[in-house]
Amino acid sequence: MATHLAIVNPAAGGGASGKRAPQALQRLRDAGLQIEVQETRAAGDGAKIARAAYQAGQRDFIAVGGDGTSFEVLAGLFGDEDPRGRAPEDRPRLGFLPLGTGNSFLRDFSDRGAEYAIESLIAGRARDCDVIRLTHAGGVVHFINIFSIGFVADVGALRNNRFASFGELGYVIGVIVQTAGLHSYVFPMRVDDGPEDRGEMTFLSVNNSRFTGGKMMMAPSADTGDGLLDIIRVGALSRLSLLQTFPKIFKGTHIHNPAVTTAQARVIDFDIDRPIACMIDGEMLDLQPRRLEVLPGVLQVRA
């Protein structure tokens with residue numbers, strides 16, 4: 001039986017991850033799984049640990065923490081390389097123990113969080129999963145959940161900087177505060193070599209999975225294994241329209257607003273001339289995006 005490397009962020013969830021991890025990992029050991037553990041101690045450690053282990057031949061990983069932990073582990077597993085050239089036996093397998101603030105990605109499969117994740121690992125369930133590759137002016141980023149720019153990224157930055165202690169409620173507070181300074185954006189882009197889009201928008205979201213920020217169903221038709229990007233483009237909105245539309249995101253009915261257009265694609269090319277705030281799987285990064293592309297089935301997830 002393959003040994004799983006559990007990369008534990010003990011600080012996730014205000015320290016909840018570190019307190020809950022030993023018991024959760026023991027349940028996996030009691031069920032017969034072989035588990036090795038490495039803890040992170042600073043930002044970026046998850047990526048370094050995952051990268052070194054993958055290069056040494058490790059293929060089974062468990063991200064123990066929140067969305068940020070999963071993001072770091074994924075960064076380590078893929079680095080700057082194009083994983084489409086890997087042999088099938090070198091495809092990494094990633095499980096989750098969402099013991100921090102949460103894991104939006106897992107909600108595509110169940111709303112039972114850590115309990116479902118433990119059951120999936122014990123049962124040995126694995127499914128093919130697409131990964132999104134962002135090429136930007138300074139390099140590349142790989143992720144499995146969501147990329148957002150515009151209003152949503154501004155909300156994410158505000159939530160992380162001022163309202164992180166409120167958990168999922170912090171996103172709602174961020175929306176209300178950010179609405180006061182609402183303005184439109186222009187992000188020149190081409191979808192699958194189509195015509196250039198230079199229209200005003202409130203935000204752009206490109207998704208691999210359905211949920212973000214906990215229970216927000218940003219892309220209700222997204223499928224993590226269909227080989228496609230799900231695009232949610234929100235045109236210019238008034239403050240009133242935004243506040244009326246936002247609550248609908250929890251049921252995915254926001255896409256019926258006339259200002260919202262949806263599409264699926266394999267590639268998006270940007271012509272953005274400066275770094276901008278980007279929200280990627282809950283992480284806030286200042287980047288100059290150039291291309292988003294889907295990498296079909298380069299990862300297996302334990303879900």
# chains A, B, ... in the order shown; residues from 1 in each chain; ligands from 1
$ select_by_dssp --residues "region 87-193 of chain A" --states "strand (DSSP E)" --output "JSON, numbers by chain"
{"A": [93, 94, 95, 96, 97, 98, 127, 128, 129, 130, 131, 132, 133, 134, 135, 136, 139, 140, 141, 142, 143, 146, 147, 148, 149, 150, 185, 186, 189, 190, 191]}
$ closest_atom_pairs --of "region 100-174 of chain A" --to "region 184-204 of chain A" --cutoff "6 Å" --atoms "only C-alpha atoms" --output "tab-separated table"
residue	atom	partner	partner_atom	distance
A:Ser148	CA	A:Leu204	CA	5.6
A:Ile149	CA	A:Leu204	CA	5.5
A:Gly150	CA	A:Phe203	CA	4.3
A:Phe151	CA	A:Phe203	CA	5.2
$ residues_around --residues "region 240-255 of chain A" --least-positions-apart "2" --cutoff "10 Å" --atoms "only C-alpha atoms" --output "list in words"
Val172, Val175, Ile176, Thr179, Leu182, Thr202, Arg210, Phe211, Thr212, Gly214, Lys215, Met216, Met217, Met218, Ala219, Pro220, Ser221, Ile232, Arg233, Val234, Ala236, Leu237, Ser238, Asn257, Pro258, Ala259, Val260, Thr261 and Thr262 of chain A
$ select_by_dssp --residues "region 41-250 of chain A" --states "helix (DSSP H, G or I)" --output "number ranges by chain"
A: 45-55, 67-78, 83-85, 88-90, 105-108, 113-123, 151-162, 164-166, 169-179, 239-250
$ closest_residue --among "A:Phe61, A:Phe163, A:Phe71, A:Tyr54" --to "His142 (chain A)" --atoms "only C-alpha atoms"
A:Phe71
$ residues_around --residues "Arg274 (chain A)" --least-positions-apart "6" --cutoff "10 Å" --atoms "only C-alpha atoms" --output "NGL selection string"
:A and (137 or 286-289)
$ closest_residue --among "A:Gly66, A:Gly138, A:Gly79, A:Gly18" --to "Leu97 (chain A)" --atoms "only C-alpha atoms"
A:Gly66
$ closest_residue --among "A:Ala75, A:Ala11, A:Val37, A:Ile231" --to "Val141 (chain A)" --atoms "only C-alpha atoms"
A:Ala75
$ residues_around --residues "Ile280 (chain A)" --least-positions-apart "2" --cutoff "7 Å" --atoms "only C-alpha atoms" --output "PyMOL selection string"
chain A and resi 146-148+278+282-284
$ write_last_selection --atoms "N, CA and C atoms" --output "PDB file, in the first residue's frame"
ATOM      1  N   ILE A 146     -10.837  28.397  -8.525  1.00  0.00           N
ATOM      2  CA  ILE A 146     -11.391  29.611  -9.119  1.00  0.00           C
ATOM      3  C   ILE A 146     -10.331  30.684  -9.306  1.00  0.00           C
ATOM      4  N   PHE A 147     -10.493  31.456 -10.379  1.00  0.00           N
ATOM      5  CA  PHE A 147      -9.696  32.653 -10.649  1.00  0.00           C
ATOM      6  C   PHE A 147     -10.680  33.798 -10.836  1.00  0.00           C
ATOM      7  N   SER A 148     -10.517  34.875 -10.066  1.00  0.00           N
ATOM      8  CA  SER A 148     -11.425  36.015 -10.184  1.00  0.00           C
ATOM      9  C   SER A 148     -10.645  37.316 -10.185  1.00  0.00           C
ATOM     10  N   CYS A 278      -5.636  39.549  -8.116  1.00  0.00           N
ATOM     11  CA  CYS A 278      -6.230  38.294  -8.582  1.00  0.00           C
ATOM     12  C   CYS A 278      -6.541  37.419  -7.373  1.00  0.00           C
ATOM     13  N   GLY A 282      -8.857  31.398  -3.258  1.00  0.00           N
ATOM     14  CA  GLY A 282      -8.888  32.066  -1.962  1.00  0.00           C
ATOM     15  C   GLY A 282      -7.647  32.856  -1.622  1.00  0.00           C
ATOM     16  N   GLU A 283      -6.602  32.735  -2.445  1.00  0.00           N
ATOM     17  CA  GLU A 283      -5.371  33.482  -2.212  1.00  0.00           C
ATOM     18  C   GLU A 283      -5.389  34.775  -3.012  1.00  0.00           C
ATOM     19  N   MET A 284      -4.879  35.846  -2.430  1.00  0.00           N
ATOM     20  CA  MET A 284      -4.813  37.127  -3.115  1.00  0.00           C
ATOM     21  C   MET A 284      -3.403  37.355  -3.632  1.00  0.00           C
TER      22      MET A 284
END
$ closest_residue --among "A:Ala24, A:Val298, A:Ala2, A:Ala42" --to "Ile132 (chain A)" --atoms "only C-alpha atoms"
A:Val298
$ closest_residue --among "A:Ser209, A:Leu99, A:Gly85, A:Ile118" --to "Arg20 (chain A)" --atoms "only C-alpha atoms"
A:Leu99
$ atom_distance --atom1 "CA of Val267 (chain A)" --atom2 "CA of Gly139 (chain A)"
17.0 Å
$ atom_distance --atom1 "CA of Leu292 (chain A)" --atom2 "CA of Arg51 (chain A)"
22.5 Å
$ residues_around --residues "region 121-127 of chain A" --least-positions-apart "2" --cutoff "7 Å" --atoms "only C-alpha atoms" --output "compact mmCIF listing (two decimals) with C-alpha atoms, in the first residue's frame"
# COMPACT_ATOMS: atom_id res chain seq x y z
CA LEU A 28 -6.85 7.00 8.76
CA ALA A 31 -8.29 2.09 8.88
CA GLY A 95 -6.65 14.08 -0.72
CA ALA A 117 -12.83 13.55 3.08
CA ILE A 118 -11.85 10.88 5.61
CA GLU A 119 -14.32 8.40 4.12
CA CYS A 129 -9.46 16.28 -12.05
CA GLN A 300 -6.39 12.70 -9.28
CA VAL A 301 -8.34 13.84 -6.24
CA ARG A 302 -9.50 11.69 -3.35
CA ALA A 303 -13.13 12.75 -3.37
$ closest_residue --among "A:Ile35, A:Ala265, A:Val64, A:Leu134" --to "Glu81 (chain A)" --atoms "only C-alpha atoms"
A:Leu134
